[in-house]
>>> print(open('data-v2.tsv').read())   # TSV, C-alpha atoms
chain	number	residue	atom	x	y	z
A	57	MET	CA	30.99	-34.51	47.59
A	58	ALA	CA	32.90	-34.48	44.32
A	59	ARG	CA	32.42	-31.47	42.10
A	60	GLU	CA	29.96	-32.23	39.27
A	61	ARG	CA	31.54	-32.43	35.84
A	62	GLY	CA	29.87	-31.87	32.51
A	63	ARG	CA	29.34	-29.49	29.62
A	64	GLY	CA	26.80	-27.15	31.18
A	65	ARG	CA	27.56	-23.72	32.55
A	66	GLY	CA	28.81	-23.54	36.12
A	67	ARG	CA	30.42	-26.97	35.95
A	68	THR	CA	34.10	-27.73	35.73
A	69	MET	CA	35.46	-28.63	32.31
A	70	LYS	CA	38.60	-30.05	30.83
A	71	VAL	CA	40.53	-27.59	28.70
A	72	TYR	CA	39.34	-28.95	25.37
A	73	GLU	CA	35.74	-29.14	26.59
A	74	ALA	CA	35.98	-25.43	27.31
A	75	ILE	CA	37.35	-24.73	23.83
A	76	VAL	CA	34.53	-26.70	22.21
A	77	LYS	CA	31.99	-24.84	24.34
A	78	GLY	CA	33.52	-21.58	23.14
A	79	LEU	CA	33.21	-22.71	19.53
A	80	GLU	CA	29.55	-23.53	20.13
A	81	ASP	CA	28.98	-20.08	21.65
A	82	ILE	CA	30.06	-18.33	18.45
A	83	GLY	CA	28.14	-20.62	16.13
A	84	VAL	CA	30.83	-22.88	14.69
A	85	ALA	CA	29.24	-25.94	13.08
A	86	ALA	CA	32.25	-27.91	11.78
A	87	ALA	CA	35.74	-28.76	13.01
A	88	PHE	CA	38.52	-30.10	10.80
A	89	GLY	CA	41.57	-31.84	12.18
A	90	GLY	CA	44.04	-34.66	12.35
A	91	ALA	CA	44.02	-37.41	14.94
A	92	GLY	CA	46.78	-37.72	17.49
A	93	GLU	CA	47.55	-38.28	21.16
A	94	ASN	CA	47.61	-34.58	22.03
A	95	ALA	CA	44.33	-34.01	20.20
A	96	ALA	CA	42.50	-37.00	21.70
A	97	GLN	CA	40.63	-35.05	24.37
A	98	LEU	CA	39.61	-32.46	21.80
A	99	MET	CA	38.20	-35.17	19.55
A	100	LEU	CA	36.26	-36.62	22.49
A	101	ALA	CA	34.86	-33.19	23.35
A	102	LEU	CA	33.79	-32.72	19.74
A	103	LYS	CA	32.18	-36.15	19.70
A	104	HIS	CA	29.84	-35.05	22.48
A	105	SER	CA	28.95	-31.73	20.84
A	106	GLU	CA	25.42	-31.63	19.46
A	107	GLN	CA	26.27	-28.61	17.31
A	108	ILE	CA	29.71	-29.18	15.81
A	109	ARG	CA	30.40	-31.85	13.23
A	110	PRO	CA	33.97	-33.17	13.60
A	111	ILE	CA	35.72	-34.12	10.36
A	112	ILE	CA	38.99	-36.03	10.80
A	113	THR	CA	41.28	-35.68	7.80
A	114	ARG	CA	44.07	-37.96	6.66
A	115	HIS	CA	46.45	-35.01	6.69
A	116	GLU	CA	46.32	-31.86	8.80
A	117	GLN	CA	47.14	-29.66	5.81
A	118	ALA	CA	43.77	-30.63	4.35
A	119	ALA	CA	42.13	-29.65	7.65
A	120	SER	CA	43.64	-26.16	7.49
A	121	PHE	CA	42.43	-25.62	3.92
A	122	MET	CA	38.98	-26.97	4.79
A	123	ALA	CA	38.81	-24.43	7.62
A	124	CYS	CA	39.63	-21.71	5.07
A	125	GLY	CA	36.83	-22.93	2.82
A	126	TYR	CA	34.37	-23.05	5.70
A	127	ALA	CA	35.25	-19.47	6.70
A	128	MET	CA	35.05	-18.27	3.10
A	129	PHE	CA	31.62	-19.71	2.33
A	130	THR	CA	29.91	-19.26	5.71
A	131	GLY	CA	31.44	-16.02	6.96
A	132	ASN	CA	31.86	-17.78	10.31
A	133	LEU	CA	35.03	-18.86	12.08
A	134	GLY	CA	36.86	-21.72	10.42
A	135	PHE	CA	38.33	-24.15	12.95
A	136	CYS	CA	41.13	-26.67	12.53
A	137	PHE	CA	43.24	-28.64	14.98
A	138	ALA	CA	46.23	-30.92	15.17
A	139	THR	CA	48.33	-32.91	17.55
A	140	ALA	CA	51.79	-31.75	18.61
A	141	GLY	CA	54.92	-31.67	16.48
A	142	PRO	CA	54.58	-32.62	12.80
A	143	GLY	CA	50.79	-32.59	13.01
A	144	ALA	CA	50.82	-28.98	14.12
A	145	PHE	CA	53.37	-28.05	11.47
A	146	ASN	CA	51.08	-29.42	8.77
A	147	LEU	CA	48.63	-26.59	9.50
A	148	PHE	CA	50.98	-23.86	8.28
A	149	SER	CA	50.04	-23.90	4.59
A	150	GLY	CA	46.34	-23.33	5.22
A	151	LEU	CA	47.03	-20.69	7.86
A	152	ALA	CA	49.29	-18.83	5.43
A	153	VAL	CA	46.44	-18.81	2.89
A	154	ALA	CA	44.03	-17.58	5.56
A	155	MET	CA	46.51	-14.81	6.34
A	156	SER	CA	46.98	-13.69	2.74
A	157	ASP	CA	43.31	-14.06	1.73
A	158	SER	CA	41.70	-12.71	4.93
A	159	TYR	CA	39.82	-15.74	6.26
A	160	PRO	CA	38.95	-15.84	9.99
A	161	VAL	CA	40.38	-19.18	11.11
A	162	LEU	CA	41.28	-20.55	14.53
A	163	ALA	CA	43.87	-23.32	14.77
A	164	VAL	CA	44.43	-25.24	17.99
A	165	SER	CA	47.43	-27.51	18.35
A	166	GLY	CA	48.97	-29.67	21.03
A	167	PHE	CA	52.39	-29.30	22.59
A	168	ALA	CA	54.73	-31.57	24.53
A	169	ASP	CA	54.62	-31.72	28.32
A	170	ARG	CA	56.33	-28.58	29.61
A	171	LYS	CA	58.12	-30.35	32.46
A	172	TRP	CA	60.33	-31.97	29.82
A	173	THR	CA	61.20	-28.74	28.01
A	174	GLY	CA	64.63	-28.99	26.45
A	175	TYR	CA	64.87	-32.75	26.89
A	176	GLY	CA	64.03	-33.52	23.27
A	177	SER	CA	60.85	-35.36	24.20
A	178	LEU	CA	58.51	-36.78	21.57
A	179	ASN	CA	57.20	-33.98	19.33
A	180	GLU	CA	58.86	-31.25	21.40
A	181	THR	CA	58.82	-27.93	19.55
A	182	SER	CA	59.92	-25.54	22.30
A	183	GLY	CA	62.90	-24.14	20.40
A	184	VAL	CA	65.13	-25.15	23.31
A	185	ASN	CA	68.30	-27.20	22.82
A	186	GLY	CA	67.96	-27.55	19.07
A	187	THR	CA	64.25	-28.44	18.97
A	188	PRO	CA	62.03	-26.68	16.37
A	189	ASP	CA	60.35	-23.49	17.54
A	190	SER	CA	56.65	-23.89	16.77
A	191	GLN	CA	55.72	-20.63	18.51
A	192	ALA	CA	57.89	-18.59	16.16
A	193	MET	CA	56.45	-20.43	13.16
A	194	PHE	CA	52.82	-19.93	14.21
A	195	ALA	CA	53.51	-16.28	14.98
A	196	ALA	CA	54.73	-15.87	11.40
A	197	THR	CA	51.59	-17.35	9.84
A	198	THR	CA	48.82	-15.83	11.98
A	199	LYS	CA	47.56	-12.48	13.21
A	200	LYS	CA	48.42	-13.69	16.71
A	201	SER	CA	49.45	-16.96	18.32
A	202	PHE	CA	48.68	-17.75	21.97
A	203	PHE	CA	50.39	-20.23	24.27
A	204	LEU	CA	47.98	-21.34	26.99
A	205	THR	CA	50.02	-21.50	30.21
A	206	ASP	CA	47.25	-21.37	32.84
A	207	ILE	CA	44.11	-23.45	32.39
A	208	ALA	CA	42.12	-20.78	34.25
A	209	ASP	CA	42.74	-18.44	31.30
A	210	THR	CA	41.15	-20.75	28.72
A	211	PHE	CA	37.98	-18.75	28.11
A	212	ASP	CA	39.81	-15.41	28.19
A	213	VAL	CA	42.44	-16.55	25.69
A	214	PHE	CA	39.86	-18.16	23.43
A	215	GLU	CA	37.65	-15.06	23.41
A	216	GLU	CA	40.58	-12.74	22.67
A	217	ALA	CA	41.77	-15.02	19.87
A	218	VAL	CA	38.45	-15.27	18.04
A	219	ASN	CA	37.83	-11.52	18.29
A	220	ILE	CA	41.26	-10.84	16.79
A	221	ALA	CA	40.42	-13.26	13.96
A	222	PHE	CA	37.46	-11.09	12.95
A	223	GLU	CA	38.57	-7.55	13.77
A	224	GLY	CA	39.79	-5.26	11.00
A	225	ARG	CA	41.06	-7.35	8.12
A	226	PRO	CA	40.10	-10.93	9.12
A	227	GLY	CA	42.75	-13.60	9.41
A	228	PRO	CA	43.97	-16.69	11.27
A	229	VAL	CA	44.81	-17.04	14.95
A	230	HIS	CA	46.29	-19.94	16.88
A	231	ILE	CA	46.24	-21.42	20.38
A	232	THR	CA	48.79	-23.91	21.71
A	233	VAL	CA	47.61	-26.28	24.45
A	234	PRO	CA	50.49	-28.08	26.24
A	235	GLU	CA	49.85	-31.69	27.12
A	236	ASP	CA	50.26	-31.15	30.86
A	237	LEU	CA	47.09	-29.00	30.89
A	238	THR	CA	45.11	-32.07	29.82
A	239	GLU	CA	46.24	-34.21	32.75
A	240	ARG	CA	43.86	-35.45	35.45
A	241	GLY	CA	43.09	-32.78	38.02
A	242	ASN	CA	43.47	-29.85	35.62
A	243	ASP	CA	40.04	-28.27	35.26
A	244	VAL	CA	38.56	-25.02	34.05
A	245	GLU	CA	36.80	-23.91	37.22
A	246	GLN	CA	35.06	-20.79	35.96
A	247	SER	CA	33.17	-21.25	32.69
A	248	ARG	CA	31.41	-18.37	30.97
A	249	PRO	CA	29.87	-17.51	27.61
A	250	VAL	CA	32.25	-16.44	24.86
A	251	ARG	CA	31.21	-13.30	22.97
A	252	LEU	CA	32.23	-11.86	19.65
A	253	ASP	CA	32.44	-8.10	20.08
A	254	VAL	CA	33.94	-6.93	16.82
A	255	ARG	CA	33.33	-3.30	16.06
A	256	PRO	CA	32.90	-2.49	12.38
A	257	VAL	CA	35.45	-0.25	10.70
A	258	LEU	CA	33.24	2.69	9.73
A	259	PRO	CA	34.19	5.44	7.27
A	260	ASP	CA	35.22	8.92	8.36
A	261	PRO	CA	32.38	11.18	7.15
A	262	ALA	CA	34.83	13.95	6.23
A	263	ARG	CA	36.79	11.55	4.03
A	264	VAL	CA	33.58	10.30	2.43
A	265	GLU	CA	32.61	13.89	1.57
A	266	GLU	CA	36.06	14.54	0.11
A	267	MET	CA	35.86	11.39	-2.00
A	268	ALA	CA	32.32	12.18	-3.13
A	269	ALA	CA	33.30	15.71	-4.13
A	270	ASP	CA	36.23	14.35	-6.12
A	271	LEU	CA	34.08	11.80	-7.95
A	272	ALA	CA	31.29	14.31	-8.55
A	273	GLY	CA	33.81	16.72	-10.05
A	274	ALA	CA	35.06	14.00	-12.38
A	275	MET	CA	31.51	13.16	-13.45
A	276	ASN	CA	30.63	16.79	-14.09
A	277	GLN	CA	33.73	17.12	-16.27
A	278	GLY	CA	32.69	14.11	-18.31
A	279	LYS	CA	35.58	11.95	-17.14
A	280	SER	CA	35.33	8.19	-17.37
A	281	ILE	CA	35.11	6.27	-14.07
A	282	VAL	CA	35.33	2.52	-13.46
A	283	ALA	CA	34.87	0.56	-10.24
A	284	LEU	CA	37.34	-2.24	-9.53
A	285	VAL	CA	35.88	-4.46	-6.81
A	286	GLY	CA	37.49	-7.30	-4.85
A	287	PHE	CA	36.78	-10.01	-2.30
A	288	GLY	CA	36.69	-7.54	0.59
A	289	ALA	CA	33.43	-6.17	-0.80
A	290	ILE	CA	31.96	-9.67	-1.02
A	291	ARG	CA	33.01	-10.51	2.53
A	292	SER	CA	31.51	-7.22	3.72
A	293	GLY	CA	28.16	-7.96	2.10
A	294	ALA	CA	28.54	-4.86	-0.07
A	295	GLY	CA	26.86	-6.35	-3.15
A	296	PRO	CA	23.62	-4.34	-2.94
A	297	ALA	CA	25.54	-1.13	-2.25
A	298	VAL	CA	27.91	-1.73	-5.16
A	299	ARG	CA	24.98	-2.41	-7.46
A	300	ARG	CA	23.28	0.79	-6.34
A	301	LEU	CA	26.52	2.71	-6.97
A	302	ILE	CA	27.07	1.49	-10.50
A	303	GLU	CA	23.42	1.76	-11.53
A	304	ARG	CA	22.80	5.20	-10.04
A	305	PHE	CA	25.94	6.71	-11.60
A	306	GLN	CA	26.32	4.37	-14.60
A	307	ILE	CA	29.82	3.26	-13.60
A	308	PRO	CA	31.22	0.19	-15.39
A	309	LEU	CA	32.10	-2.62	-12.97
A	310	LEU	CA	35.33	-4.62	-13.12
A	311	THR	CA	36.18	-7.28	-10.55
A	312	THR	CA	39.22	-9.17	-9.36
A	313	LEU	CA	39.14	-12.95	-9.66
A	314	ASP	CA	37.81	-13.35	-6.11
A	315	GLY	CA	35.47	-10.39	-6.46
A	316	LYS	CA	33.60	-12.09	-9.30
A	317	GLY	CA	29.88	-12.33	-8.59
A	318	ILE	CA	29.56	-9.22	-6.41
A	319	VAL	CA	26.95	-8.20	-8.99
A	320	PRO	CA	25.44	-10.77	-11.38
A	321	GLU	CA	27.76	-11.35	-14.32
A	322	GLY	CA	24.92	-10.73	-16.77
A	323	HIS	CA	24.37	-7.20	-15.51
A	324	PRO	CA	24.85	-4.71	-18.40
A	325	LEU	CA	27.39	-2.71	-16.39
A	326	SER	CA	29.42	-5.79	-15.40
A	327	LEU	CA	32.38	-5.99	-17.79
A	328	GLY	CA	34.09	-9.01	-16.29
A	329	VAL	CA	37.32	-9.87	-14.49
A	330	PHE	CA	40.29	-7.54	-14.57
A	331	ALA	CA	43.35	-9.76	-14.22
A	332	ASP	CA	46.01	-11.70	-16.13
A	333	SER	CA	43.39	-14.25	-17.19
A	334	GLY	CA	40.52	-11.79	-17.25
A	335	HIS	CA	38.26	-10.29	-19.91
A	336	ALA	CA	39.25	-8.01	-22.77
A	337	SER	CA	36.16	-5.89	-22.10
A	338	ALA	CA	37.40	-5.15	-18.57
A	339	TRP	CA	40.88	-4.26	-19.81
A	340	LYS	CA	39.46	-1.94	-22.48
A	341	ALA	CA	37.28	-0.08	-19.97
A	342	PHE	CA	40.18	0.24	-17.56
A	343	ARG	CA	42.51	1.64	-20.24
A	344	GLU	CA	39.95	4.28	-21.20
A	345	ALA	CA	39.18	5.29	-17.59
A	346	ASP	CA	40.31	8.56	-16.06
A	347	VAL	CA	39.38	7.52	-12.52
A	348	VAL	CA	39.59	4.07	-10.92
A	349	LEU	CA	37.55	3.49	-7.77
A	350	CYS	CA	38.95	0.43	-6.00
A	351	ILE	CA	36.69	-1.18	-3.40
A	352	GLY	CA	37.82	-3.99	-1.11
A	353	ASN	CA	40.79	-5.18	-3.09
A	354	SER	CA	44.53	-5.27	-2.54
A	355	LEU	CA	45.75	-4.52	-6.09
A	356	ASN	CA	47.77	-7.68	-5.96
A	357	GLN	CA	49.97	-9.28	-8.59
A	358	HIS	CA	47.35	-10.91	-10.83
A	359	ALA	CA	45.00	-7.94	-10.67
A	360	THR	CA	47.78	-5.57	-11.76
A	361	PHE	CA	49.51	-7.62	-14.44
A	362	ASN	CA	52.56	-8.32	-12.27
A	363	PHE	CA	52.51	-4.89	-10.64
A	364	ARG	CA	52.78	-3.10	-13.96
A	365	GLU	CA	54.47	0.20	-13.21
A	366	ASP	CA	52.49	2.32	-15.66
A	367	LEU	CA	49.12	0.80	-14.77
A	368	PHE	CA	47.72	3.97	-13.23
A	369	ASN	CA	49.62	6.50	-15.34
A	370	GLY	CA	47.24	9.31	-16.27
A	371	LYS	CA	44.56	7.95	-13.93
A	372	ARG	CA	43.29	9.03	-10.54
A	373	LEU	CA	43.24	6.17	-8.03
A	374	ILE	CA	40.64	6.22	-5.26
A	375	HIS	CA	40.89	3.30	-2.86
A	376	ILE	CA	38.52	1.95	-0.17
A	377	ASN	CA	39.91	-0.81	2.04
A	378	ILE	CA	39.52	-2.09	5.57
A	379	SER	CA	43.29	-2.22	6.11
A	380	GLU	CA	45.56	0.82	6.18
A	381	THR	CA	48.50	-1.26	4.97
A	382	GLU	CA	46.84	-1.74	1.57
A	383	PHE	CA	47.40	1.95	0.84
A	384	ARG	CA	51.16	1.62	1.28
A	385	LYS	CA	51.92	-1.11	-1.24
A	386	ALA	CA	52.74	-0.90	-4.94
A	387	TYR	CA	50.24	1.83	-5.82
A	388	LYS	CA	49.70	4.92	-3.67
A	389	PRO	CA	46.10	6.19	-3.92
A	390	ASP	CA	45.27	9.81	-4.63
A	391	LEU	CA	42.44	9.43	-2.13
A	392	ALA	CA	42.13	6.64	0.46
A	393	LEU	CA	39.31	5.68	2.79
A	394	ARG	CA	39.88	3.09	5.50
A	395	SER	CA	36.58	1.34	6.10
A	396	ASP	CA	34.65	-1.85	5.79
A	397	ALA	CA	33.40	-1.88	2.20
A	398	ARG	CA	29.65	-2.01	2.79
A	399	PRO	CA	29.23	1.06	5.03
A	400	ALA	CA	31.79	2.95	2.94
A	401	VAL	CA	29.97	2.37	-0.35
A	402	GLU	CA	26.60	3.09	1.24
A	403	ALA	CA	27.89	6.40	2.62
A	404	LEU	CA	29.60	7.26	-0.66
A	405	VAL	CA	26.43	6.67	-2.71
A	406	ASP	CA	24.42	8.88	-0.37
A	407	ALA	CA	27.01	11.66	-0.51
A	408	LEU	CA	27.31	11.43	-4.30
A	409	ASP	CA	23.55	11.39	-4.72
A	410	ALA	CA	23.38	14.84	-3.18
A	411	LYS	CA	26.02	16.20	-5.56
A	412	VAL	CA	25.17	14.57	-8.90
A	413	GLY	CA	21.97	14.88	-10.88
A	414	GLY	CA	20.66	12.40	-13.39
A	415	VAL	CA	23.17	10.31	-15.27
A	416	PRO	CA	22.30	8.98	-18.74
A	417	ALA	CA	22.50	5.24	-19.27
A	418	ALA	CA	25.86	4.04	-20.52
>>> encode(input="data-v2.tsv", output="structure tokens")
Amino acid sequence: MARERGRGRGRTMKVYEAIVKGLEDIGVAAAFGGAGENAAQLMLALKHSEQIRPIITRHEQAASFMACGYAMFTGNLGFCFATAGPGAFNLFSGLAVAMSDSYPVLAVSGFADRKWTGYGSLNETSGVNGTPDSQAMFAATTKKSFFLTDIADTFDVFEEAVNIAFEGRPGPVHITVPEDLTERGNDVEQSRPVRLDVRPVLPDPARVEEMAADLAGAMNQGKSIVALVGFGAIRSGAGPAVRRLIERFQIPLLTTLDGKGIVPEGHPLSLGVFADSGHASAWKAFREADVVLCIGNSLNQHATFNFREDLFNGKRLIHINISETEFRKAYKPDLALRSDARPAVEALVDALDAKVGGVPAA
């Protein structure tokens, strides 16, 4: 009796059916991609999904940017796909944005039949015999790029990829599916649920106490403190904690362009955007500050007036960020705390609350 096929658990699946089932498991509701021969089975699998809405774009670059937008506004995994060769290459721009702006995005792309490697077959990108090397290019624009070589590994590779997309500082990942894995007779025999198991980056309590003591000392000495908050705080869901921080200790709030809205703009302590095209009120408060508490931002070019060298002269820089690399860029913090923004700010407010009494309204 032939083995029963289908989309339920315990049944064999084609490789792209397994990928779509994995997307369903982690709650993805939309897929953006470009049509093509290598992506045909993926489009068919998406057609039969009752959860995921497939959106076929005229150009794969649009699909990659749409996946960024989906990830940005939902907090879920953005998903884009493309056929082999030029279609896959069109994903690079959106993946580079996802990399620089910390959006969790998964890209899946096709690949020429491996039995013809080095022959110069249609859309071959193996890097062999003068063909383009797509694996090197995807590795350069993602946190990690996977090449699926054994169809039995589909669920394992998919699960590892999506967890990497979310862990630490979020970003894009990529899976290559060679065309020969889609041929008749190639089936995923062992299906299983895909799980996201991303552990939050929690603050070191000792570092929180050190930071709180430093800030409390500055407050007790009457020094001026401002908070400069970026997109990392928004992504972390740190809005309520940031609001509690600024209200409890009467700290003026400045934001980067993509941190705008962390606290309502009409809030009396919200002084606007601190950037090249920002607000004069934010620049004035920053200039007069003795201490700058940066939360969930990278101190990038626009937020630092083209990396102005004297920006922090005479100021103490305290920096909270989920990524250690952010502390080793243009501006070295006096105190650094590696953590997801929300638990870090929550812990900092609690620690400060025990050290600082009432603070008069600004």
>>> residues_around(input="data-v2.tsv", residues="stretch 309-319 of chain A", least_positions_apart="5", cutoff="8 Å", atoms="all atoms listed in the file", output="PDB file with C-alpha atoms, in the frame of the given file")
ATOM      1  CA  VAL A 282      35.330   2.520 -13.460  1.00  0.00           C
ATOM      2  CA  ALA A 283      34.870   0.560 -10.240  1.00  0.00           C
ATOM      3  CA  LEU A 284      37.340  -2.240  -9.530  1.00  0.00           C
ATOM      4  CA  VAL A 285      35.880  -4.460  -6.810  1.00  0.00           C
ATOM      5  CA  GLY A 286      37.490  -7.300  -4.850  1.00  0.00           C
ATOM      6  CA  PHE A 287      36.780 -10.010  -2.300  1.00  0.00           C
ATOM      7  CA  GLY A 288      36.690  -7.540   0.590  1.00  0.00           C
ATOM      8  CA  ALA A 289      33.430  -6.170  -0.800  1.00  0.00           C
ATOM      9  CA  ILE A 290      31.960  -9.670  -1.020  1.00  0.00           C
ATOM     10  CA  ALA A 294      28.540  -4.860  -0.070  1.00  0.00           C
ATOM     11  CA  GLY A 295      26.860  -6.350  -3.150  1.00  0.00           C
ATOM     12  CA  PRO A 296      23.620  -4.340  -2.940  1.00  0.00           C
ATOM     13  CA  VAL A 298      27.910  -1.730  -5.160  1.00  0.00           C
ATOM     14  CA  ARG A 299      24.980  -2.410  -7.460  1.00  0.00           C
ATOM     15  CA  ILE A 302      27.070   1.490 -10.500  1.00  0.00           C
ATOM     16  CA  LEU A 325      27.390  -2.710 -16.390  1.00  0.00           C
ATOM     17  CA  SER A 326      29.420  -5.790 -15.400  1.00  0.00           C
ATOM     18  CA  LEU A 327      32.380  -5.990 -17.790  1.00  0.00           C
ATOM     19  CA  GLY A 328      34.090  -9.010 -16.290  1.00  0.00           C
ATOM     20  CA  VAL A 329      37.320  -9.870 -14.490  1.00  0.00           C
ATOM     21  CA  PHE A 330      40.290  -7.540 -14.570  1.00  0.00           C
ATOM     22  CA  ALA A 331      43.350  -9.760 -14.220  1.00  0.00           C
ATOM     23  CA  GLY A 334      40.520 -11.790 -17.250  1.00  0.00           C
ATOM     24  CA  ALA A 338      37.400  -5.150 -18.570  1.00  0.00           C
ATOM     25  CA  ASN A 353      40.790  -5.180  -3.090  1.00  0.00           C
ATOM     26  CA  ALA A 359      45.000  -7.940 -10.670  1.00  0.00           C
TER      27      ALA A 359
END
>>> residues_around(input="data-v2.tsv", residues="A:Val229", least_positions_apart="3", cutoff="7 Å", atoms="all atoms listed in the file", output="list in words")
Val161, Leu162, Ala163, Thr198, Lys199, Lys200, Ser201, Ala217 and Ala221 of chain A
>>> atom_distance(input="data-v2.tsv", atom1="atom CA of A:Ala154", atom2="atom CA of A:Met99")
23.2 Å
>>> atom_distance(input="data-v2.tsv", atom1="atom CA of A:Gly78", atom2="atom CA of A:Ser247")
9.6 Å
>>> atom_distance(input="data-v2.tsv", atom1="atom CA of A:Trp339", atom2="atom CA of A:Asn356")
15.8 Å
>>> residues_around(input="data-v2.tsv", residues="A:Gln107", least_positions_apart="6", cutoff="12 Å", atoms="only C-alpha atoms", output="list in words")
Val76, Lys77, Gly78, Leu79, Glu80, Asp81, Ile82, Gly83, Val84, Ala85, Ala86, Ala87 and Ala101 of chain A
>>> closest_residue(input="data-v2.tsv", among="A:Pro320, A:Ala74, A:Leu178, A:Gln191", to="A:Phe214", atoms="only C-alpha atoms")
A:Ala74
>>> residues_around(input="data-v2.tsv", residues="A:Gly183", least_positions_apart="3", cutoff="12 Å", atoms="all atoms listed in the file", output="PyMOL selection string")
chain A and resi 141+167-168+173-176+179-180+186-193
>>> closest_residue(input="data-v2.tsv", among="A:Asn219, A:Thr232, A:Ser337, A:Ser120", to="A:Ala95", atoms="all atoms listed in the file")
A:Thr232
>>> residues_near_point(input="data-v2.tsv", point="(47.2, -31.2, 16.4)", cutoff="9 Å", atoms="all atoms listed in the file", output="list in words")
Gly89, Gly90, Ala91, Gly92, Glu93, Asn94, Ala95, Glu116, Cys136, Phe137, Ala138, Thr139, Ala140, Gly141, Pro142, Gly143, Ala144, Phe145, Asn146, Leu147, Ala163, Val164, Ser165, Gly166 and Phe167 of chain A
>>> closest_residue(input="data-v2.tsv", among="A:Val184, A:Leu204, A:Val405, A:Ala262", to="A:Leu301", atoms="all atoms listed in the file")
A:Val405
>>> closest_residue(input="data-v2.tsv", among="A:Phe194, A:Phe342, A:Phe203, A:Phe383", to="A:Phe368", atoms="only C-alpha atoms")
A:Phe342
>>> closest_residue(input="data-v2.tsv", among="A:Glu266, A:Glu365, A:Glu380, A:Glu303", to="A:Leu404", atoms="only C-alpha atoms")
A:Glu266
>>> residues_around(input="data-v2.tsv", residues="A:Asn276", least_positions_apart="6", cutoff="10 Å", atoms="all atoms listed in the file", output="VMD selection string")
chain A and resid 411 to 413 415
>>> build_atoms(input="data-v2.tsv", residues="stretch 248-252 of chain A", atoms="all heavy atoms", output="short mmCIF file (atom, residue, chain, number, x, y, z; two decimals), in the frame of the given file")
data_model
loop_
_atom_site.label_atom_id
_atom_site.label_comp_id
_atom_site.auth_asym_id
_atom_site.auth_seq_id
_atom_site.Cartn_x
_atom_site.Cartn_y
_atom_site.Cartn_z
N ARG A 248 32.25 -19.53 31.28
CA ARG A 248 31.41 -18.37 30.97
C ARG A 248 31.16 -18.34 29.48
O ARG A 248 31.89 -18.96 28.69
CB ARG A 248 32.10 -17.07 31.40
CG ARG A 248 33.41 -16.78 30.66
CD ARG A 248 33.93 -15.42 31.03
NE ARG A 248 35.18 -15.09 30.38
CZ ARG A 248 35.28 -14.62 29.13
NH1 ARG A 248 34.19 -14.46 28.39
NH2 ARG A 248 36.46 -14.31 28.61
N PRO A 249 30.12 -17.63 29.05
CA PRO A 249 29.87 -17.51 27.61
C PRO A 249 30.99 -16.75 26.91
O PRO A 249 31.57 -15.82 27.47
CB PRO A 249 28.55 -16.74 27.54
CG PRO A 249 27.94 -16.87 28.90
CD PRO A 249 29.08 -16.98 29.86
N VAL A 250 31.28 -17.15 25.69
CA VAL A 250 32.25 -16.44 24.86
C VAL A 250 31.48 -15.52 23.91
O VAL A 250 30.49 -15.94 23.30
CB VAL A 250 33.12 -17.42 24.06
CG1 VAL A 250 33.95 -16.70 23.01
CG2 VAL A 250 34.03 -18.20 25.01
N ARG A 251 31.92 -14.28 23.80
CA ARG A 251 31.21 -13.30 22.97
C ARG A 251 32.13 -12.74 21.89
O ARG A 251 33.29 -12.43 22.16
CB ARG A 251 30.69 -12.16 23.83
CG ARG A 251 29.62 -12.57 24.84
CD ARG A 251 29.12 -11.38 25.63
NE ARG A 251 28.04 -11.74 26.54
CZ ARG A 251 28.24 -12.17 27.78
NH1 ARG A 251 29.48 -12.29 28.23
NH2 ARG A 251 27.22 -12.49 28.56
N LEU A 252 31.57 -12.62 20.71
CA LEU A 252 32.23 -11.86 19.65
C LEU A 252 31.78 -10.41 19.78
O LEU A 252 30.59 -10.11 19.77
CB LEU A 252 31.85 -12.40 18.27
CG LEU A 252 32.59 -13.64 17.78
CD1 LEU A 252 32.02 -14.08 16.44
CD2 LEU A 252 34.08 -13.37 17.65
#
